[in-house]
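Trainee: Below is the file final25.cif, which contains mmCIF, C-alpha atoms.
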```cif
data_entry
#
loop_
_atom_site.group_PDB
_atom_site.id
_atom_site.type_symbol
_atom_site.label_atom_id
_atom_site.label_comp_id
_atom_site.auth_asym_id
_atom_site.auth_seq_id
_atom_site.Cartn_x
_atom_site.Cartn_y
_atom_site.Cartn_z
ATOM 1 C CA MET G 6 -11.880 -9.033 53.982
ATOM 2 C CA ASN G 7 -11.252 -9.529 50.260
ATOM 3 C CA THR G 8 -14.296 -11.243 48.711
ATOM 4 C CA TYR G 9 -12.726 -12.200 45.357
ATOM 5 C CA PRO G 10 -11.116 -15.480 46.586
ATOM 6 C CA LYS G 11 -14.590 -16.849 47.439
ATOM 7 C CA SER G 12 -16.421 -15.245 44.521
ATOM 8 C CA SER G 13 -18.289 -16.975 41.734
ATOM 9 C CA LEU G 14 -15.987 -15.125 39.284
ATOM 10 C CA LYS G 15 -12.936 -16.949 40.684
ATOM 11 C CA ARG G 16 -14.818 -20.262 40.680
ATOM 12 C CA LEU G 17 -15.881 -19.647 37.075
ATOM 13 C CA LEU G 18 -12.255 -18.902 36.087
ATOM 14 C CA ASP G 19 -11.129 -22.130 37.790
ATOM 15 C CA TRP G 20 -13.811 -24.176 36.073
ATOM 16 C CA LEU G 21 -13.353 -22.669 32.585
ATOM 17 C CA LEU G 22 -9.568 -22.973 32.711
ATOM 18 C CA SER G 23 -9.829 -26.577 33.944
ATOM 19 C CA VAL G 24 -12.236 -27.562 31.173
ATOM 20 C CA ALA G 25 -10.076 -25.822 28.543
ATOM 21 C CA VAL G 26 -6.840 -27.431 29.743
ATOM 22 C CA ALA G 27 -8.211 -30.908 30.567
ATOM 23 C CA PRO G 28 -8.015 -32.480 27.072
ATOM 24 C CA PHE G 29 -4.344 -31.505 26.702
ATOM 25 C CA ALA G 30 -3.573 -32.313 30.332
ATOM 26 C CA LEU G 31 -4.986 -35.833 29.962
ATOM 27 C CA VAL G 32 -2.451 -36.596 27.239
ATOM 28 C CA PHE G 33 0.443 -35.451 29.429
ATOM 29 C CA VAL G 34 -0.967 -37.232 32.501
ATOM 30 C CA PHE G 35 -1.255 -40.472 30.511
ATOM 31 C CA LEU G 36 2.316 -40.152 29.181
ATOM 32 C CA GLY G 37 3.661 -39.202 32.629
ATOM 33 C CA CYS G 38 1.897 -42.123 34.298
ATOM 34 C CA ALA G 39 3.158 -44.508 31.613
ATOM 35 C CA ALA G 40 6.733 -43.272 32.105
ATOM 36 C CA VAL G 41 6.508 -43.753 35.891
ATOM 37 C CA TYR G 42 4.991 -47.216 35.476
ATOM 38 C CA LEU G 43 7.667 -48.314 33.005
ATOM 39 C CA THR G 44 10.520 -47.097 35.235
ATOM 40 C CA ASP G 45 9.229 -47.936 38.738
ATOM 41 C CA GLY G 46 5.942 -49.829 38.464
ATOM 42 C CA GLY G 47 2.686 -48.774 40.076
ATOM 43 C CA PRO G 48 0.915 -47.043 41.594
ATOM 44 C CA VAL G 49 1.436 -44.041 39.349
ATOM 45 C CA ILE G 50 -1.015 -41.606 40.954
ATOM 46 C CA TYR G 51 0.021 -40.334 44.341
ATOM 47 C CA LYS G 52 -2.707 -39.415 46.807
ATOM 48 C CA GLN G 53 -1.832 -37.329 49.822
ATOM 49 C CA LEU G 54 -3.879 -35.734 52.571
ATOM 50 C CA ARG G 55 -3.555 -31.930 52.536
ATOM 51 C CA VAL G 56 -5.198 -29.095 54.468
ATOM 52 C CA GLY G 57 -7.500 -26.795 52.529
ATOM 53 C CA LEU G 58 -10.096 -24.087 52.981
ATOM 54 C CA GLY G 59 -11.137 -23.603 56.582
ATOM 55 C CA GLY G 60 -8.472 -26.065 57.744
ATOM 56 C CA LYS G 61 -10.430 -29.012 56.326
ATOM 57 C CA PRO G 62 -8.426 -31.973 54.997
ATOM 58 C CA PHE G 63 -8.803 -33.236 51.434
ATOM 59 C CA THR G 64 -7.034 -35.763 49.218
ATOM 60 C CA MET G 65 -4.723 -34.166 46.660
ATOM 61 C CA PHE G 66 -3.692 -36.021 43.503
ATOM 62 C CA LYS G 67 -0.306 -35.961 41.747
ATOM 63 C CA ILE G 68 1.686 -38.178 39.440
ATOM 64 C CA ARG G 69 4.175 -40.047 41.634
ATOM 65 C CA THR G 70 7.718 -38.711 41.161
ATOM 66 C CA LEU G 71 9.454 -40.500 44.046
ATOM 67 C CA LYS G 72 10.421 -44.126 44.496
ATOM 68 C CA ARG G 73 7.681 -46.229 46.072
ATOM 69 C CA ASN G 74 9.496 -46.584 49.415
ATOM 70 C CA ALA G 75 10.293 -42.861 49.891
ATOM 71 C CA SER G 76 8.925 -41.769 53.250
ATOM 72 C CA ASP G 77 11.015 -38.836 54.456
ATOM 73 C CA ASP G 78 9.127 -35.503 54.700
ATOM 74 C CA PHE G 79 11.850 -33.875 52.651
ATOM 75 C CA SER G 80 12.191 -36.628 50.015
ATOM 76 C CA GLY G 81 12.378 -35.081 46.586
ATOM 77 C CA MET G 82 13.076 -31.552 47.847
ATOM 78 C CA ARG G 83 16.646 -31.609 46.543
ATOM 79 C CA ALA G 84 17.479 -32.127 42.870
ATOM 80 C CA SER G 85 20.067 -34.809 43.696
ATOM 81 C CA ASP G 86 17.726 -36.713 46.054
ATOM 82 C CA PRO G 87 18.170 -40.496 45.579
ATOM 83 C CA ASP G 88 14.415 -40.991 46.205
ATOM 84 C CA LEU G 89 13.534 -38.887 43.146
ATOM 85 C CA LEU G 90 12.891 -40.932 40.010
ATOM 86 C CA LYS G 91 14.810 -39.788 36.923
ATOM 87 C CA VAL G 92 11.509 -39.422 35.105
ATOM 88 C CA GLY G 93 10.214 -37.627 38.212
ATOM 89 C CA THR G 94 12.796 -34.878 37.695
ATOM 90 C CA PHE G 95 11.431 -34.303 34.188
ATOM 91 C CA LEU G 96 7.792 -34.410 35.342
ATOM 92 C CA ARG G 97 8.514 -31.868 38.073
ATOM 93 C CA LEU G 98 10.528 -29.590 35.793
ATOM 94 C CA TRP G 99 7.558 -29.243 33.445
ATOM 95 C CA ARG G 100 4.995 -29.420 36.313
ATOM 96 C CA ILE G 101 3.330 -32.409 34.632
ATOM 97 C CA ASP G 102 3.114 -34.142 38.019
ATOM 98 C CA GLU G 103 0.700 -31.408 39.177
ATOM 99 C CA LEU G 104 -1.832 -31.872 36.346
ATOM 100 C CA PRO G 105 -4.020 -34.443 38.192
ATOM 101 C CA GLN G 106 -4.874 -31.598 40.589
ATOM 102 C CA ILE G 107 -7.282 -30.370 37.910
ATOM 103 C CA LEU G 108 -9.589 -32.987 39.492
ATOM 104 C CA ASN G 109 -9.158 -31.227 42.833
ATOM 105 C CA ILE G 110 -10.093 -27.929 41.188
ATOM 106 C CA LEU G 111 -13.205 -29.365 39.547
ATOM 107 C CA LYS G 112 -14.224 -30.919 42.889
ATOM 108 C CA GLY G 113 -13.844 -27.519 44.573
ATOM 109 C CA ASP G 114 -10.990 -28.555 46.891
ATOM 110 C CA MET G 115 -8.463 -26.315 45.141
ATOM 111 C CA SER G 116 -8.106 -23.347 42.820
ATOM 112 C CA TRP G 117 -5.577 -22.641 40.092
ATOM 113 C CA VAL G 118 -4.170 -19.831 42.257
ATOM 114 C CA GLY G 119 -3.851 -19.788 46.049
ATOM 115 C CA PRO G 120 -1.513 -20.913 48.818
ATOM 116 C CA ARG G 121 -0.023 -24.372 48.201
ATOM 117 C CA PRO G 122 -1.733 -26.875 50.511
ATOM 118 C CA GLU G 123 0.438 -28.506 53.162
ATOM 119 C CA ARG G 124 0.245 -31.876 54.893
ATOM 120 C CA PRO G 125 -1.664 -31.961 58.207
ATOM 121 C CA HIS G 126 1.351 -32.648 60.442
ATOM 122 C CA ILE G 127 3.265 -29.733 58.892
ATOM 123 C CA VAL G 128 0.227 -27.479 59.372
ATOM 124 C CA ASP G 129 -0.054 -28.573 63.020
ATOM 125 C CA GLN G 130 3.603 -27.665 63.635
ATOM 126 C CA CYS G 131 3.292 -24.340 61.796
ATOM 127 C CA ILE G 132 0.233 -23.409 63.863
ATOM 128 C CA LEU G 133 2.360 -23.920 66.992
ATOM 129 C CA ASP G 134 5.333 -21.993 65.592
ATOM 130 C CA ILE G 135 3.673 -19.178 63.596
ATOM 131 C CA SER G 136 0.911 -17.163 65.249
ATOM 132 C CA ASN G 137 -1.173 -16.225 62.198
ATOM 133 C CA TYR G 138 -0.570 -19.368 60.125
ATOM 134 C CA THR G 139 -4.257 -20.405 60.054
ATOM 135 C CA MET G 140 -5.097 -17.235 58.098
ATOM 136 C CA ARG G 141 -3.747 -18.922 54.949
ATOM 137 C CA HIS G 142 -6.711 -21.318 55.155
ATOM 138 C CA GLU G 143 -9.193 -18.491 54.545
ATOM 139 C CA VAL G 144 -8.851 -19.037 50.769
ATOM 140 C CA LEU G 145 -8.790 -22.166 48.624
ATOM 141 C CA PRO G 146 -5.318 -23.630 48.177
ATOM 142 C CA GLY G 147 -3.908 -23.496 44.666
ATOM 143 C CA ILE G 148 -1.719 -25.312 42.195
ATOM 144 C CA THR G 149 0.342 -22.132 41.980
ATOM 145 C CA GLY G 150 0.422 -18.962 44.000
ATOM 146 C CA LEU G 151 2.239 -15.800 44.900
ATOM 147 C CA ALA G 152 4.681 -17.712 47.135
ATOM 148 C CA GLN G 153 5.524 -20.077 44.262
ATOM 149 C CA ILE G 154 6.450 -17.261 41.874
ATOM 150 C CA LYS G 155 8.277 -15.191 44.516
ATOM 151 C CA ASN G 156 10.189 -18.096 46.109
ATOM 152 C CA PRO G 157 9.841 -21.158 43.839
ATOM 153 C CA ASN G 158 12.424 -23.289 45.644
ATOM 154 C CA ALA G 159 11.090 -22.839 49.182
ATOM 155 C CA THR G 160 10.841 -25.955 51.334
ATOM 156 C CA PRO G 161 8.349 -26.724 54.127
ATOM 157 C CA SER G 162 10.952 -25.469 56.625
ATOM 158 C CA GLU G 163 10.537 -21.997 55.089
ATOM 159 C CA ASN G 164 6.809 -21.787 55.805
ATOM 160 C CA SER G 165 7.172 -18.546 57.742
ATOM 161 C CA GLU G 166 8.572 -16.785 54.667
ATOM 162 C CA LYS G 167 6.005 -18.365 52.329
ATOM 163 C CA LEU G 168 3.208 -17.339 54.703
ATOM 164 C CA GLN G 169 3.881 -13.648 54.069
ATOM 165 C CA TYR G 170 3.208 -14.169 50.342
ATOM 166 C CA ASP G 171 0.133 -16.320 51.068
ATOM 167 C CA LEU G 172 -1.340 -13.601 53.300
ATOM 168 C CA GLU G 173 -0.473 -10.929 50.736
ATOM 169 C CA TYR G 174 -2.358 -12.966 48.135
ATOM 170 C CA SER G 175 -5.401 -13.222 50.441
ATOM 171 C CA ARG G 176 -5.420 -9.427 50.876
ATOM 172 C CA ARG G 177 -4.777 -8.491 47.232
ATOM 173 C CA ALA G 178 -6.456 -11.354 45.346
ATOM 174 C CA SER G 179 -8.200 -10.288 42.155
ATOM 175 C CA LEU G 180 -8.826 -11.548 38.649
ATOM 176 C CA GLY G 181 -5.884 -9.459 37.451
ATOM 177 C CA LEU G 182 -3.525 -10.872 40.102
ATOM 178 C CA ASP G 183 -4.651 -14.443 39.329
ATOM 179 C CA LEU G 184 -3.963 -13.929 35.628
ATOM 180 C CA LYS G 185 -0.558 -12.386 36.412
ATOM 181 C CA ILE G 186 0.397 -15.338 38.668
ATOM 182 C CA LEU G 187 -0.776 -17.857 36.061
ATOM 183 C CA TRP G 188 1.226 -16.055 33.361
ATOM 184 C CA LYS G 189 4.395 -15.916 35.514
ATOM 185 C CA THR G 190 3.960 -19.624 36.302
ATOM 186 C CA LEU G 191 3.735 -20.467 32.585
ATOM 187 C CA VAL G 192 6.800 -18.330 31.834
ATOM 188 C CA ALA G 193 8.751 -20.049 34.637
ATOM 189 C CA ILE G 194 7.858 -23.492 33.252
ATOM 190 C CA GLY G 195 8.766 -22.550 29.674
#
```
As C-alpha coordinates, what does this structure read like?

Mentor:
Amino acid sequence: MNTYPKSSLKRLLDWLLSVAVAPFALVFVFLGCAAVYLTDGGPVIYKQLRVGLGGKPFTMFKIRTLKRNASDDFSGMRASDPDLLKVGTFLRLWRIDELPQILNILKGDMSWVGPRPERPHIVDQCILDISNYTMRHEVLPGITGLAQIKNPNATPSENSEKLQYDLEYSRRASLGLDLKILWKTLVAIG
(Lines of atoms letter the chains of each structure in order from A and count residues from 1; the text may use other names and numbers.)
(Lines give C-alpha, C1' and ligand atoms only; values in the text may rest on other atoms or scores of the structure.)
Protein backbone atom coordinates (compact mmCIF):
# COMPACT_ATOMS: atom_id res chain seq x y z
CA MET A 1 0.00 0.00 0.00
CA ASN A 2 1.30 3.45 -0.94
CA THR A 3 1.72 5.52 2.25
CA TYR A 4 2.15 8.95 0.61
CA PRO A 5 -1.61 9.71 0.24
CA LYS A 6 -2.00 9.53 4.05
CA SER A 7 1.36 11.08 4.91
CA SER A 8 2.02 14.27 6.82
CA LEU A 9 3.99 15.49 3.76
CA LYS A 10 0.83 15.40 1.62
CA ARG A 11 -1.19 17.06 4.40
CA LEU A 12 1.48 19.75 4.74
CA LEU A 13 1.39 20.37 0.96
CA ASP A 14 -2.41 20.67 1.09
CA TRP A 15 -2.29 23.07 4.02
CA LEU A 16 0.54 25.27 2.67
CA LEU A 17 -1.00 25.50 -0.80
CA SER A 18 -4.41 26.34 0.70
CA VAL A 19 -3.00 29.09 2.90
CA ALA A 20 -0.98 30.52 -0.01
CA VAL A 21 -3.93 30.50 -2.42
CA ALA A 22 -6.67 31.56 0.03
CA PRO A 23 -6.20 35.36 -0.14
CA PHE A 24 -6.43 35.34 -3.95
CA ALA A 25 -9.18 32.72 -3.95
CA LEU A 26 -11.33 34.81 -1.61
CA VAL A 27 -11.37 37.65 -4.13
CA PHE A 28 -12.53 35.33 -6.92
CA VAL A 29 -15.05 33.58 -4.64
CA PHE A 30 -16.52 36.96 -3.65
CA LEU A 31 -16.75 38.09 -7.30
CA GLY A 32 -18.19 34.73 -8.40
CA CYS A 33 -20.79 34.76 -5.63
CA ALA A 34 -21.73 38.35 -6.45
CA ALA A 35 -22.17 37.46 -10.14
CA VAL A 36 -24.41 34.48 -9.28
CA TYR A 37 -26.46 36.58 -6.85
CA LEU A 38 -26.94 39.39 -9.38
CA THR A 39 -28.04 36.99 -12.14
CA ASP A 40 -30.08 34.39 -10.20
CA GLY A 41 -30.37 35.46 -6.57
CA GLY A 42 -29.29 33.38 -3.60
CA PRO A 43 -28.11 31.09 -2.25
CA VAL A 44 -24.74 31.45 -3.94
CA ILE A 45 -22.83 28.69 -2.15
CA TYR A 46 -23.88 25.20 -3.06
CA LYS A 47 -23.51 22.49 -0.44
CA GLN A 48 -23.68 18.87 -1.49
CA LEU A 49 -23.14 15.60 0.32
CA ARG A 50 -20.20 13.65 -1.14
CA VAL A 51 -18.40 10.44 -0.18
CA GLY A 52 -14.83 10.77 1.04
CA LEU A 53 -12.05 8.84 2.73
CA GLY A 54 -13.16 5.47 4.04
CA GLY A 55 -16.59 5.91 2.43
CA LYS A 56 -17.57 8.56 4.98
CA PRO A 57 -19.90 11.34 3.80
CA PHE A 58 -18.97 15.02 4.07
CA THR A 59 -20.43 18.31 2.87
CA MET A 60 -18.60 19.76 -0.14
CA PHE A 61 -18.81 23.46 -0.97
CA LYS A 62 -18.97 25.09 -4.42
CA ILE A 63 -20.21 28.31 -5.94
CA ARG A 64 -23.62 27.55 -7.43
CA THR A 65 -23.48 27.42 -11.24
CA LEU A 66 -26.94 25.99 -11.96
CA LYS A 67 -30.37 27.56 -11.71
CA ARG A 68 -31.95 27.19 -8.28
CA ASN A 69 -34.53 24.62 -9.45
CA ALA A 70 -32.07 22.30 -11.26
CA SER A 71 -32.47 18.81 -9.85
CA ASP A 72 -31.43 16.34 -12.55
CA ASP A 73 -28.29 14.30 -11.74
CA PHE A 74 -26.84 15.31 -15.08
CA SER A 75 -27.79 19.02 -14.92
CA GLY A 76 -24.88 21.13 -16.02
CA MET A 77 -22.94 18.24 -17.57
CA ARG A 78 -23.48 19.55 -21.10
CA ALA A 79 -22.29 22.98 -22.22
CA SER A 80 -25.70 23.81 -23.74
CA ASP A 81 -27.65 22.69 -20.64
CA PRO A 82 -30.56 25.10 -19.98
CA ASP A 83 -30.05 24.65 -16.20
CA LEU A 84 -26.53 26.10 -16.41
CA LEU A 85 -26.35 29.81 -15.61
CA LYS A 86 -24.49 31.93 -18.17
CA VAL A 87 -22.19 33.12 -15.41
CA GLY A 88 -21.93 29.48 -14.32
CA THR A 89 -20.32 28.60 -17.65
CA PHE A 90 -17.63 31.21 -17.00
CA LEU A 91 -17.11 30.11 -13.38
CA ARG A 92 -16.72 26.49 -14.47
CA LEU A 93 -14.40 27.33 -17.36
CA TRP A 94 -11.96 29.00 -14.97
CA ARG A 95 -12.72 26.53 -12.12
CA ILE A 96 -13.70 29.45 -9.87
CA ASP A 97 -16.74 27.47 -8.69
CA GLU A 98 -14.36 24.93 -7.09
CA LEU A 99 -12.46 27.46 -4.93
CA PRO A 100 -14.73 27.13 -1.84
CA GLN A 101 -13.41 23.56 -1.58
CA ILE A 102 -10.29 25.08 -0.03
CA LEU A 103 -12.42 25.00 3.15
CA ASN A 104 -12.87 21.25 2.65
CA ILE A 105 -9.10 20.88 2.32
CA LEU A 106 -8.39 22.87 5.47
CA LYS A 107 -11.00 20.80 7.35
CA GLY A 108 -9.27 17.60 6.19
CA ASP A 109 -12.21 16.31 4.11
CA MET A 110 -10.36 16.75 0.82
CA SER A 111 -6.93 17.18 -0.72
CA TRP A 112 -5.80 19.25 -3.69
CA VAL A 113 -5.13 16.00 -5.58
CA GLY A 114 -7.13 12.77 -5.39
CA PRO A 115 -10.21 11.12 -6.88
CA ARG A 116 -13.13 13.54 -7.33
CA PRO A 117 -15.74 12.80 -4.65
CA GLU A 118 -19.10 11.51 -5.86
CA ARG A 119 -22.60 11.80 -4.43
CA PRO A 120 -23.74 8.93 -2.16
CA HIS A 121 -26.41 7.54 -4.50
CA ILE A 122 -23.92 7.42 -7.39
CA VAL A 123 -21.38 5.68 -5.14
CA ASP A 124 -24.02 3.14 -4.06
CA GLN A 125 -24.81 2.32 -7.71
CA CYS A 126 -21.12 2.13 -8.66
CA ILE A 127 -20.43 -0.27 -5.78
CA LEU A 128 -23.13 -2.56 -7.22
CA ASP A 129 -21.85 -2.23 -10.79
CA ILE A 130 -18.05 -2.10 -10.34
CA SER A 131 -16.39 -4.69 -8.12
CA ASN A 132 -13.41 -2.69 -6.84
CA TYR A 133 -15.05 0.75 -6.74
CA THR A 134 -14.64 1.18 -2.96
CA MET A 135 -10.84 1.13 -3.38
CA ARG A 136 -11.02 4.76 -4.56
CA HIS A 137 -12.06 5.70 -1.01
CA GLU A 138 -8.69 4.61 0.39
CA VAL A 139 -7.31 8.13 -0.27
CA LEU A 140 -8.73 11.60 0.34
CA PRO A 141 -10.80 12.91 -2.56
CA GLY A 142 -9.36 15.89 -4.40
CA ILE A 143 -10.26 19.05 -6.24
CA THR A 144 -8.29 17.66 -9.18
CA GLY A 145 -6.83 14.29 -9.94
CA LEU A 146 -5.36 11.95 -12.49
CA ALA A 147 -8.82 11.17 -13.92
CA GLN A 148 -9.51 14.90 -14.39
CA ILE A 149 -6.36 15.49 -16.43
CA LYS A 150 -6.65 12.25 -18.43
CA ASN A 151 -10.40 12.51 -19.14
CA PRO A 152 -11.57 16.03 -18.19
CA ASN A 153 -15.03 15.74 -19.75
CA ALA A 154 -16.04 12.43 -18.15
CA THR A 155 -19.53 12.23 -16.69
CA PRO A 156 -20.76 10.14 -13.73
CA SER A 157 -21.88 7.48 -16.24
CA GLU A 158 -18.20 6.95 -17.10
CA ASN A 159 -17.18 6.05 -13.55
CA SER A 160 -15.71 2.72 -14.61
CA GLU A 161 -13.19 4.47 -16.87
CA LYS A 162 -12.42 7.17 -14.28
CA LEU A 163 -11.90 4.47 -11.64
CA GLN A 164 -8.86 3.11 -13.47
CA TYR A 165 -7.16 6.52 -13.18
CA ASP A 166 -8.23 6.88 -9.53
CA LEU A 167 -6.73 3.49 -8.66
CA GLU A 168 -3.58 4.30 -10.63
CA TYR A 169 -3.26 7.49 -8.58
CA SER A 170 -3.64 5.52 -5.32
CA ARG A 171 -0.84 3.16 -6.39
CA ARG A 172 1.56 5.79 -7.77
CA ALA A 173 0.79 8.82 -5.57
CA SER A 174 3.83 10.89 -4.67
CA LEU A 175 4.82 14.50 -4.16
CA GLY A 176 6.13 14.56 -7.73
CA LEU A 177 2.89 13.16 -9.18
CA ASP A 178 0.81 15.64 -7.14
CA LEU A 179 2.88 18.55 -8.43
CA LYS A 180 2.60 17.24 -12.01
CA ILE A 181 -1.21 16.92 -11.72
CA LEU A 182 -1.51 20.40 -10.20
CA TRP A 183 0.65 21.84 -12.99
CA LYS A 184 -1.37 20.09 -15.74
CA THR A 185 -4.58 21.35 -14.10
CA LEU A 186 -3.28 24.94 -14.13
CA VAL A 187 -2.20 24.60 -17.77
CA ALA A 188 -5.64 23.22 -18.72
CA ILE A 189 -7.38 26.16 -17.02
CA GLY A 190 -5.10 28.75 -18.64

Trainee: Could you write out as a CSV table (one decimal) with C-alpha atoms, keeping the file's coordinate frame the residues that the PyMOL selection byres ((chain G and resi 186) around 12) matches in the shown file?

Mentor:
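As a result, out.csv now contains:
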```csv
chain,number,residue,atom,x,y,z
G,117,TRP,CA,-5.6,-22.6,40.1
G,118,VAL,CA,-4.2,-19.8,42.3
G,119,GLY,CA,-3.9,-19.8,46.0
G,120,PRO,CA,-1.5,-20.9,48.8
G,147,GLY,CA,-3.9,-23.5,44.7
G,148,ILE,CA,-1.7,-25.3,42.2
G,149,THR,CA,0.3,-22.1,42.0
G,150,GLY,CA,0.4,-19.0,44.0
G,151,LEU,CA,2.2,-15.8,44.9
G,152,ALA,CA,4.7,-17.7,47.1
G,153,GLN,CA,5.5,-20.1,44.3
G,154,ILE,CA,6.4,-17.3,41.9
G,155,LYS,CA,8.3,-15.2,44.5
G,174,TYR,CA,-2.4,-13.0,48.1
G,178,ALA,CA,-6.5,-11.4,45.3
G,179,SER,CA,-8.2,-10.3,42.2
G,180,LEU,CA,-8.8,-11.5,38.6
G,181,GLY,CA,-5.9,-9.5,37.5
G,182,LEU,CA,-3.5,-10.9,40.1
G,183,ASP,CA,-4.7,-14.4,39.3
G,184,LEU,CA,-4.0,-13.9,35.6
G,185,LYS,CA,-0.6,-12.4,36.4
G,187,LEU,CA,-0.8,-17.9,36.1
G,188,TRP,CA,1.2,-16.1,33.4
G,189,LYS,CA,4.4,-15.9,35.5
G,190,THR,CA,4.0,-19.6,36.3
G,191,LEU,CA,3.7,-20.5,32.6
G,192,VAL,CA,6.8,-18.3,31.8
G,193,ALA,CA,8.8,-20.0,34.6
```

Trainee: Could you pull the residues within 8 Å of range 96-99 of chain G, counting all atoms listed in the file, minus those fewer than 2 positions along the same chain, as a list in words?

Mentor: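 So, after excluding close chain neighbours, the residues are Gly37, Thr70, Val92, Gly93, Thr94, Ile101, Asp102, Glu103, Ile194 and Gly195 of chain G.
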
Trainee: Using all atoms listed in the file, which residues sit within 12 Å of Arg69 in chain G once same-chain residues fewer than 5 positions away are excluded, as number ranges by chain?

Mentor: G: 34, 37-42, 44-53, 74-75, 81, 88-97, 100-105

Trainee: In Å to one decimal, how far is CA of Asn109 in chain G from CA of Met65 in chain G?

Mentor: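 It comes out at 6.6 Å.
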
Trainee: Run the PyMOL selection byres ((chain G and resi 125) around 8) mentally over the shown coordinates, then write out the matched residues as a ChimeraX atom specification, using the chain letters and numbers from the document.

Mentor: /G:54-56,62,123-124,126-129

Trainee: Point out the residue among G:Tyr170, G:Glu143, G:Phe35, G:Tyr9 with the least atom-to-atom distance to Asn156 in chain G, counting only C-alpha atoms.

Mentor: G:Tyr170

Trainee: Could you tell me how far CA of Ser136 in chain G lies from CA of Thr8 in chain G, in Å and to one decimal?

Mentor: 23.2 Å

Trainee: Would you fill the gaps in range 82-102 of chain G so it has N, CA and C atoms, then print it as a short mmCIF file (atom, residue, chain, number, x, y, z; two decimals), keeping the file's coordinate frame?

Mentor:
```cif
data_model
loop_
_atom_site.label_atom_id
_atom_site.label_comp_id
_atom_site.auth_asym_id
_atom_site.auth_seq_id
_atom_site.Cartn_x
_atom_site.Cartn_y
_atom_site.Cartn_z
N MET G 82 12.93 -33.02 47.75
CA MET G 82 13.08 -31.55 47.85
C MET G 82 14.40 -31.06 47.25
N ARG G 83 15.35 -31.98 47.12
CA ARG G 83 16.65 -31.61 46.54
C ARG G 83 16.79 -32.30 45.19
N ALA G 84 17.36 -31.59 44.23
CA ALA G 84 17.48 -32.13 42.87
C ALA G 84 18.26 -33.44 42.83
N SER G 85 19.24 -33.60 43.71
CA SER G 85 20.07 -34.81 43.70
C SER G 85 19.54 -35.89 44.64
N ASP G 86 18.31 -35.78 45.10
CA ASP G 86 17.73 -36.71 46.05
C ASP G 86 17.66 -38.12 45.45
N PRO G 87 18.21 -39.14 46.12
CA PRO G 87 18.17 -40.50 45.58
C PRO G 87 16.76 -41.08 45.52
N ASP G 88 15.79 -40.51 46.26
CA ASP G 88 14.42 -40.99 46.20
C ASP G 88 13.66 -40.48 44.98
N LEU G 89 14.19 -39.47 44.31
CA LEU G 89 13.53 -38.89 43.15
C LEU G 89 13.80 -39.74 41.91
N LEU G 90 12.74 -40.18 41.25
CA LEU G 90 12.89 -40.93 40.01
C LEU G 90 13.48 -40.02 38.93
N LYS G 91 14.27 -40.60 38.02
CA LYS G 91 14.81 -39.79 36.92
C LYS G 91 13.68 -39.17 36.11
N VAL G 92 12.66 -39.96 35.83
CA VAL G 92 11.51 -39.42 35.10
C VAL G 92 10.76 -38.40 35.98
N GLY G 93 10.85 -38.57 37.28
CA GLY G 93 10.21 -37.63 38.21
C GLY G 93 10.81 -36.24 38.11
N THR G 94 12.13 -36.17 37.88
CA THR G 94 12.80 -34.88 37.70
C THR G 94 12.20 -34.16 36.50
N PHE G 95 12.02 -34.88 35.40
CA PHE G 95 11.43 -34.30 34.19
C PHE G 95 9.99 -33.86 34.44
N LEU G 96 9.19 -34.73 35.08
CA LEU G 96 7.79 -34.41 35.34
C LEU G 96 7.66 -33.17 36.23
N ARG G 97 8.55 -33.04 37.20
CA ARG G 97 8.51 -31.87 38.07
C ARG G 97 8.98 -30.61 37.35
N LEU G 98 10.01 -30.74 36.53
CA LEU G 98 10.53 -29.59 35.79
C LEU G 98 9.43 -28.94 34.96
N TRP G 99 8.62 -29.75 34.31
CA TRP G 99 7.56 -29.24 33.44
C TRP G 99 6.21 -29.18 34.17
N ARG G 100 6.20 -29.47 35.46
CA ARG G 100 5.00 -29.42 36.31
C ARG G 100 3.90 -30.40 35.85
N ILE G 101 4.29 -31.41 35.10
CA ILE G 101 3.33 -32.41 34.63
C ILE G 101 2.76 -33.20 35.81
N ASP G 102 3.57 -33.39 36.85
CA ASP G 102 3.11 -34.14 38.02
C ASP G 102 1.94 -33.47 38.73
#
```
